[in-house]
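Asks: Dumping the structure here so I can ask a few things about it.
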Amino acid sequence: MSILGTRVVRVEDPRFLTGGGTYIANLRLEGAVHVTYVRSTVAHARITSVDISGAAAMPGVLHVWTSTDIDIEPARPDLGWVNQQMVFPYLARDVVRFVGEPVAMIVARTREQGADAADAVVIDYEPLPVVVDVDRSFSGDVLVHPDAGTNVALAFANTDERDIFAGCEVVVELKIENQKVATAPLEVRACAAKWDGDELTQWACSQGAHGARDGIAKALGLDKEKVRVITPDVGGGFGAKSGVYVEEILVGWAAKKLGVPVSWVETRTENMLAMGHARAQRQRTRMGGTRDGRITAYRLDLLQDAGAYPKGGAVLPFMTRMMASGVYDIADVQFESHSVVTNTSPVVAYRGAGRPEATAAIERTVDEFARACGIDPTEVRRKNYLRPDAFPLTTPMGAKYDSGEYEKSLDRALEAAGYAELLEEQRRRREAGGPLQLGIGVSTYVETTNPMGGGEYGAVEITPEGGAIVRTGTSPHGQGHHTSWAMIVSHVTGIPMEKIEFRFGDTLDVERGGGTGGSRSLQVGGTAARLAAEGVIERAREVAARLMEAAPEDIVLDTARGAFHVQGSPQPSRTWAELAVQGGVQLSATADFKPEGATFPFGSHVSVVEVDIETGSVAVLRHVACDDAGTIINPLIVDGQVHGGVAQGIAQALLEEVLYDADGNPNTANLADYGFISAAELPSFERVPMETPTPRNPLGAKGIGEAGTIGATPAVHNAVVNAVSHLGVRHIDMPCTAQRVWTAIQSAR
């Protein structure tokens with residue numbers, strides 16, 4: 001029986017649970033000094049003076065630097081699509097554009113001394129007009145980057161000028177706030193660096209060592225071969241730890257300048273202010289079709305808040321556009337977006353990165369279309385799903401879907417939830433007229449994983465003891481890569497999992513890699529490891545043939561014993577250890593796997609909520625998730641990924657929102673003010689298994705890391721609106737807080 005597809009307990013967990021993890025804050029570099037950043041306390045202003053004299057005289061302070069001391073040129077946005085005039089300086093020059101932007105950099109002997117000195121830096125500001133709302137930014141009456149002459153960092157224009165709604169019997173419109181949220185990883189940003197006179201070594205809290213190395217090398221003007229990046233254990237990333245932040249580049253710069261190790265660990269408040277935020281789309285949807293529920297036309301227009309400086313978030317509407325039509329067979333689809341800058345923290349990728357936003361828009365609008373038609377929302381979905389025999393296909397937005405059985409996923413989720421019984425319970429509560437009303441929300445989603453179709457590196461090396469070392473270009477930060485890769489290599493080679501060592505995240509040890517993001521790791525990194533393991537077997541067959549005086553094509557591997565023998569003759573045989581010692585050659589192989597394209601996992605979620613119509617409070621009673629990620633290697637790990645994603649999706653629907661006042665001051669600068677969800681607000685999730693393999697990699701696997709987030713948010717959002725729809729409520733903006741729900745009920749009355 002194969003180990004693949006079984007519930008194997010994660011092998012990496014004992015180390016973490018017993019305090020054996022190595023995080024950057026744990027590093028003890030001899031002679032290290034510590035960086036503290038002095039950050040802007042205003043959202044938009046000219047810097048008239050920076051007085052560092054008091055800070056420079058404080059105990060333990062070695063250096064206080066401002067923008068005039070930084071001798072590397074800030075890079076223009078990496079993504080060529082984005083307005084190149086909107087440059088993010090390493091330390092603010094002349095103007096600050098959001099609260100939290102670095103203005104000065106203190107180097108001290110201890111973190112505590114640096115924090116004290118930061119309070120002594122005096123900055124005088126001349127206030128400038130502030131823009132935090134995307135509609136106002138789009139109007140251009142306040143320019144965040146005057147040299148650019150516009151606030152639009154990037155636009156995807158609609159080139160279809162037809163009136164696609166002209167013949168529709170039913171047309172609905174919604175304005176949907178996909179609000180700005182904080183990425184809030186458990187481990188805040190941190191890095192450390194040292195320069196040996198010739199090479200920079202930097203420890204990065206990153207989702208990919210090689211990408212971080214390339215970014216640091218480019219910024220510092222070094223050859224990539226002169227930069228080594230190590231990513232030790234990383235406590236969560238969710239997309240926001242892709243790429244390199246200005247604070248991290250300056251740590252490497254300082255280490256090179258000073259010739260001593262330099263470290264930086266931010267505070268939680270710094271993390272909430274200056275680490276990339278997420279989502280932040282204002283969506284306007286329009287959907288039309290026939291009165292019997294057939295959708296024929298859909299349009300999505302959106303404004304993307306890019307924050308003060310355009311980073312990855314500015315480009316995310318590209319993904320929203322790609323997935324705009326979702327799981328539906330819609331003849332006419334139109335899309336237009338404008339990414340605009342505001343005096344708020346920059347926006348980056350976050351769990352799903354543009355795809356959850358697309359699903360939230362269309363799934364909320366499908367429910368409104370169903371209401372206007374007077375049809376159950378599940379029936380409208382059935383009537384419009386793309387059919388299994390239509391795959392592979394290309395959508396109106398150009399997405400090349402691989403495989404999908406959308407109606408089947410809905411059927412399984414509804415059956416597990418007991419949909420008919422829930423409807424009856426809802427009817428009973430409405431007739432009784434009590435304060436606790438039941439809401440039932442449904443969503444069906446499709447997303448793209450490994451969306452850019454990138455490849456990945458893998459290597460397998462046999463040790464003298466007969467174990468294996470697996471190297472991968474992906475970078476785990478909670479996903480269970482060690483377990484999954486060990487399962488794959490064990491399945492192929494017969495080497496027990498406990499004898500398989502897993503290595504990642506060191507550019508000196510791992511030749512190349514694309515890192516982790518976009519739910520790409522298993523389908524490309526796991527496949528590369530499998531191909532490398534198969535390559536090792538071929539090399540071992542040649543060695544075994546020589547030792548046993550046989551032809552290589554006659555040598556077979558008995559994976560049950562982990563031994564090679566001549567076909568038809570189990571004895572004599574040679575184990576992996578014997579071949580590694582007696583063969584006289586290194587048994588190793590590398591592989592690079594690049595798929596033919598992205599994969600498209602899908603699924604259906606059903607959420608059941610209880611709304612107190614007297615207070616507006618919402619409680620999630622049940623959440624059923626049927627997520628299809630193709631072939632499943634380890635159901636236990638899939639459960640964990642879905643559970644984490646669902647928790648984040650529910651949190652956005654009900655609680656999370658980064659808030660600013662009209663002057664750009666953040667009202668959610670710590671976890672006391674920000675609506676961060678806990679287990680107390682969540683039910684035990686119910687996961688319904690389903691597997692539709694993809695033909696785009698040998699494993700048949702699709703991504704699962706972001707699926708739960710994508711399916712959960714609109715299901716919960718729809719459930720809350722459904723709970724109070726009989727009172728006349730048509731829509732409630734996320735997050736559906738008690739205040740918003742209560743206000744919507746009062747307005748409807």
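Naming works like this for the structure tokens: A, B, ... for the chains as they're shown, residue 1 at the start of each chain, ligands 1 onward in shown order.
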Near segment 515-527 of chain A, counting only C-alpha atoms, which residues have an atom at most 7 Å away, once you skip same-chain residues fewer than 5 positions from it, shown as an MDAnalysis selection string?
Replies: chainID A and resid 207:209 239 352 449:451 455:458 472:476 485 593:594 697:699 701:706
Asks: Could you find all residues in segment 72-153 of chain A that DSSP calls strand (DSSP E or B) from the backbone, and write them as a PyMOL selection string?
Replies: chain A and resi 95-96+102-108+122-127+152-153
Asks: Mind pulling up the distance from atom CA of His481 of chain A to atom CA of Leu587 of chain A?
Replies: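 The value is 22.9 Å.
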Asks: Could you tell me which of A:Ala353, A:Ile555, A:Ile176, A:Val688 comes closest to Ala413 of chain A if we count only C-alpha atoms?
Replies: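 Checking each of A:Ala353, A:Ile555, A:Ile176, A:Val688 against Ala413 of chain A, counting only C-alpha atoms, the winner is A:Val688.
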Asks: Tell me, as a PyMOL selection string, which residues lie within 9 Å of Lys311 of chain A, counting only C-alpha atoms; anything in the same chain fewer than 4 positions away does not count.
Replies: chain A and resi 77-79+82+276+306-307+315+346-349
Asks: Rounded to one decimal, what separation in Å do you get between atom CA of Thr590 of chain A and atom CA of Arg539 of chain A?
Replies: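 Distance between the two atoms: 11.5 Å.
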Asks: Applying 8 Å and only C-alpha atoms, which residues near segment 251-260 of chain A remain after dropping the ones on its own chain fewer than 4 positions away? List them as a ChimeraX atom specification.
Replies: /A:31-33,35,191-197,200,202,216,220,247,264
Asks: May I ask which of the residues A:Val262, A:Ala544, A:Val50, A:Val130 is the closest one to Arg574 of chain A, counting only C-alpha atoms?
Replies: A:Ala544
Asks: Compare A:Pro392, A:Gly326, A:Gly140, A:Pro89 by their minimum atom-to-atom distance to Glu363 of chain A, counting only C-alpha atoms, and give me the closest one.
Replies: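 Among the listed residues, A:Gly326 lies closest to Glu363 of chain A.
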Asks: Please list as a ChimeraX atom specification every residue within 6 Å of segment 601-614 of chain A, counting only C-alpha atoms and excluding residues in the same chain fewer than 4 positions away.
Replies: /A:409-410,435-447,618-629,702,711,715-716
Asks: Would you pick out the contacts of segment 731-748 of chain A at 8 Å or less, using only C-alpha atoms, so that residues sharing its chain but fewer than 4 positions from it are not included, and give the list as a list of chain:residue names?
Replies: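 Surrounding residues, per the criterion: A:Ile176, A:Glu177, A:Asn178, A:Gln179, A:Ile613, A:Glu614, A:Thr615, A:Gly616, A:Ser617, A:Val618, A:Gln652, A:Ala653, A:Leu654, A:Leu655, A:Glu656, A:Glu657, A:His717, A:Val720, A:Val721, A:Val724, A:Leu727.
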Asks: Please write the residues from the selection above to a file, keeping N, CA, C and O atoms, as a PDB file, in the first residue's frame.
Replies:
```pdb
ATOM      1  N   ILE A 176     -19.399  46.715  -3.541  1.00  0.00           N
ATOM      2  CA  ILE A 176     -18.878  45.775  -2.550  1.00  0.00           C
ATOM      3  C   ILE A 176     -17.532  46.283  -2.047  1.00  0.00           C
ATOM      4  O   ILE A 176     -16.624  46.558  -2.839  1.00  0.00           O
ATOM      5  N   GLU A 177     -17.412  46.407  -0.753  1.00  0.00           N
ATOM      6  CA  GLU A 177     -16.136  46.797  -0.144  1.00  0.00           C
ATOM      7  C   GLU A 177     -15.367  45.534   0.242  1.00  0.00           C
ATOM      8  O   GLU A 177     -15.757  44.818   1.154  1.00  0.00           O
ATOM      9  N   ASN A 178     -14.303  45.246  -0.496  1.00  0.00           N
ATOM     10  CA  ASN A 178     -13.394  44.180  -0.087  1.00  0.00           C
ATOM     11  C   ASN A 178     -12.289  44.866   0.703  1.00  0.00           C
ATOM     12  O   ASN A 178     -11.272  45.292   0.165  1.00  0.00           O
ATOM     13  N   GLN A 179     -12.518  45.010   1.988  1.00  0.00           N
ATOM     14  CA  GLN A 179     -11.797  45.970   2.816  1.00  0.00           C
ATOM     15  C   GLN A 179     -10.322  45.630   2.986  1.00  0.00           C
ATOM     16  O   GLN A 179      -9.895  44.494   2.808  1.00  0.00           O
ATOM     17  N   ILE A 613     -30.906  39.827  15.810  1.00  0.00           N
ATOM     18  CA  ILE A 613     -31.390  41.027  15.123  1.00  0.00           C
ATOM     19  C   ILE A 613     -31.612  42.188  16.086  1.00  0.00           C
ATOM     20  O   ILE A 613     -31.818  43.330  15.648  1.00  0.00           O
ATOM     21  N   GLU A 614     -31.548  41.938  17.387  1.00  0.00           N
ATOM     22  CA  GLU A 614     -31.676  43.028  18.354  1.00  0.00           C
ATOM     23  C   GLU A 614     -30.350  43.738  18.592  1.00  0.00           C
ATOM     24  O   GLU A 614     -30.323  44.912  18.960  1.00  0.00           O
ATOM     25  N   THR A 615     -29.238  43.021  18.403  1.00  0.00           N
ATOM     26  CA  THR A 615     -27.914  43.608  18.646  1.00  0.00           C
ATOM     27  C   THR A 615     -27.040  43.633  17.398  1.00  0.00           C
ATOM     28  O   THR A 615     -26.042  44.355  17.361  1.00  0.00           O
ATOM     29  N   GLY A 616     -27.378  42.830  16.405  1.00  0.00           N
ATOM     30  CA  GLY A 616     -26.571  42.732  15.202  1.00  0.00           C
ATOM     31  C   GLY A 616     -25.408  41.764  15.303  1.00  0.00           C
ATOM     32  O   GLY A 616     -24.673  41.582  14.328  1.00  0.00           O
ATOM     33  N   SER A 617     -25.206  41.130  16.431  1.00  0.00           N
ATOM     34  CA  SER A 617     -24.066  40.233  16.593  1.00  0.00           C
ATOM     35  C   SER A 617     -24.249  38.974  15.744  1.00  0.00           C
ATOM     36  O   SER A 617     -25.362  38.484  15.549  1.00  0.00           O
ATOM     37  N   VAL A 618     -23.125  38.448  15.251  1.00  0.00           N
ATOM     38  CA  VAL A 618     -23.124  37.286  14.361  1.00  0.00           C
ATOM     39  C   VAL A 618     -22.285  36.181  14.986  1.00  0.00           C
ATOM     40  O   VAL A 618     -21.178  36.427  15.465  1.00  0.00           O
ATOM     41  N   GLN A 652     -12.161  37.875   7.762  1.00  0.00           N
ATOM     42  CA  GLN A 652     -12.396  39.029   6.904  1.00  0.00           C
ATOM     43  C   GLN A 652     -13.882  39.336   6.796  1.00  0.00           C
ATOM     44  O   GLN A 652     -14.296  40.495   6.808  1.00  0.00           O
ATOM     45  N   ALA A 653     -14.694  38.305   6.689  1.00  0.00           N
ATOM     46  CA  ALA A 653     -16.127  38.528   6.543  1.00  0.00           C
ATOM     47  C   ALA A 653     -16.735  39.209   7.763  1.00  0.00           C
ATOM     48  O   ALA A 653     -17.662  40.018   7.637  1.00  0.00           O
ATOM     49  N   LEU A 654     -16.211  38.915   8.954  1.00  0.00           N
ATOM     50  CA  LEU A 654     -16.876  39.361  10.182  1.00  0.00           C
ATOM     51  C   LEU A 654     -16.122  40.412  10.991  1.00  0.00           C
ATOM     52  O   LEU A 654     -16.760  41.213  11.691  1.00  0.00           O
ATOM     53  N   LEU A 655     -14.785  40.405  10.944  1.00  0.00           N
ATOM     54  CA  LEU A 655     -14.054  41.181  11.946  1.00  0.00           C
ATOM     55  C   LEU A 655     -12.978  42.106  11.406  1.00  0.00           C
ATOM     56  O   LEU A 655     -12.870  43.255  11.817  1.00  0.00           O
ATOM     57  N   GLU A 656     -12.150  41.613  10.517  1.00  0.00           N
ATOM     58  CA  GLU A 656     -10.901  42.315  10.226  1.00  0.00           C
ATOM     59  C   GLU A 656     -11.114  43.535   9.326  1.00  0.00           C
ATOM     60  O   GLU A 656     -11.813  43.464   8.328  1.00  0.00           O
ATOM     61  N   GLU A 657     -10.463  44.639   9.689  1.00  0.00           N
ATOM     62  CA  GLU A 657     -10.463  45.831   8.846  1.00  0.00           C
ATOM     63  C   GLU A 657      -9.408  46.802   9.347  1.00  0.00           C
ATOM     64  O   GLU A 657      -9.384  47.168  10.526  1.00  0.00           O
ATOM     65  N   HIS A 717     -20.297  35.891   4.190  1.00  0.00           N
ATOM     66  CA  HIS A 717     -20.913  37.164   3.829  1.00  0.00           C
ATOM     67  C   HIS A 717     -22.360  36.938   3.355  1.00  0.00           C
ATOM     68  O   HIS A 717     -23.295  37.616   3.807  1.00  0.00           O
ATOM     69  N   VAL A 720     -24.695  35.995   6.307  1.00  0.00           N
ATOM     70  CA  VAL A 720     -25.124  37.111   7.160  1.00  0.00           C
ATOM     71  C   VAL A 720     -26.259  37.888   6.485  1.00  0.00           C
ATOM     72  O   VAL A 720     -27.277  38.203   7.109  1.00  0.00           O
ATOM     73  N   VAL A 721     -26.091  38.195   5.206  1.00  0.00           N
ATOM     74  CA  VAL A 721     -27.144  38.915   4.485  1.00  0.00           C
ATOM     75  C   VAL A 721     -28.409  38.070   4.421  1.00  0.00           C
ATOM     76  O   VAL A 721     -29.527  38.572   4.610  1.00  0.00           O
ATOM     77  N   VAL A 724     -30.862  38.125   7.447  1.00  0.00           N
ATOM     78  CA  VAL A 724     -31.726  39.292   7.686  1.00  0.00           C
ATOM     79  C   VAL A 724     -32.402  39.773   6.405  1.00  0.00           C
ATOM     80  O   VAL A 724     -33.000  40.845   6.379  1.00  0.00           O
ATOM     81  N   LEU A 727     -36.017  40.800   6.396  1.00  0.00           N
ATOM     82  CA  LEU A 727     -36.323  42.097   7.003  1.00  0.00           C
ATOM     83  C   LEU A 727     -36.116  43.245   6.008  1.00  0.00           C
ATOM     84  O   LEU A 727     -36.279  44.411   6.373  1.00  0.00           O
TER      85      LEU A 727
END
```
Asks: As a PyMOL selection string, please: every residue in segment 551-599 of chain A that a backbone DSSP assignment puts in helix (DSSP H, G or I).
Replies: chain A and resi 552-554+576-582
Asks: Find the residues near Val333 of chain A: any atom within 9 Å, counting only C-alpha atoms, skip ones fewer than 4 places away on the same chain, and give them as JSON, numbers by chain.
Replies: {"A": [164, 296, 297, 298, 299, 300, 324, 325, 396, 397]}
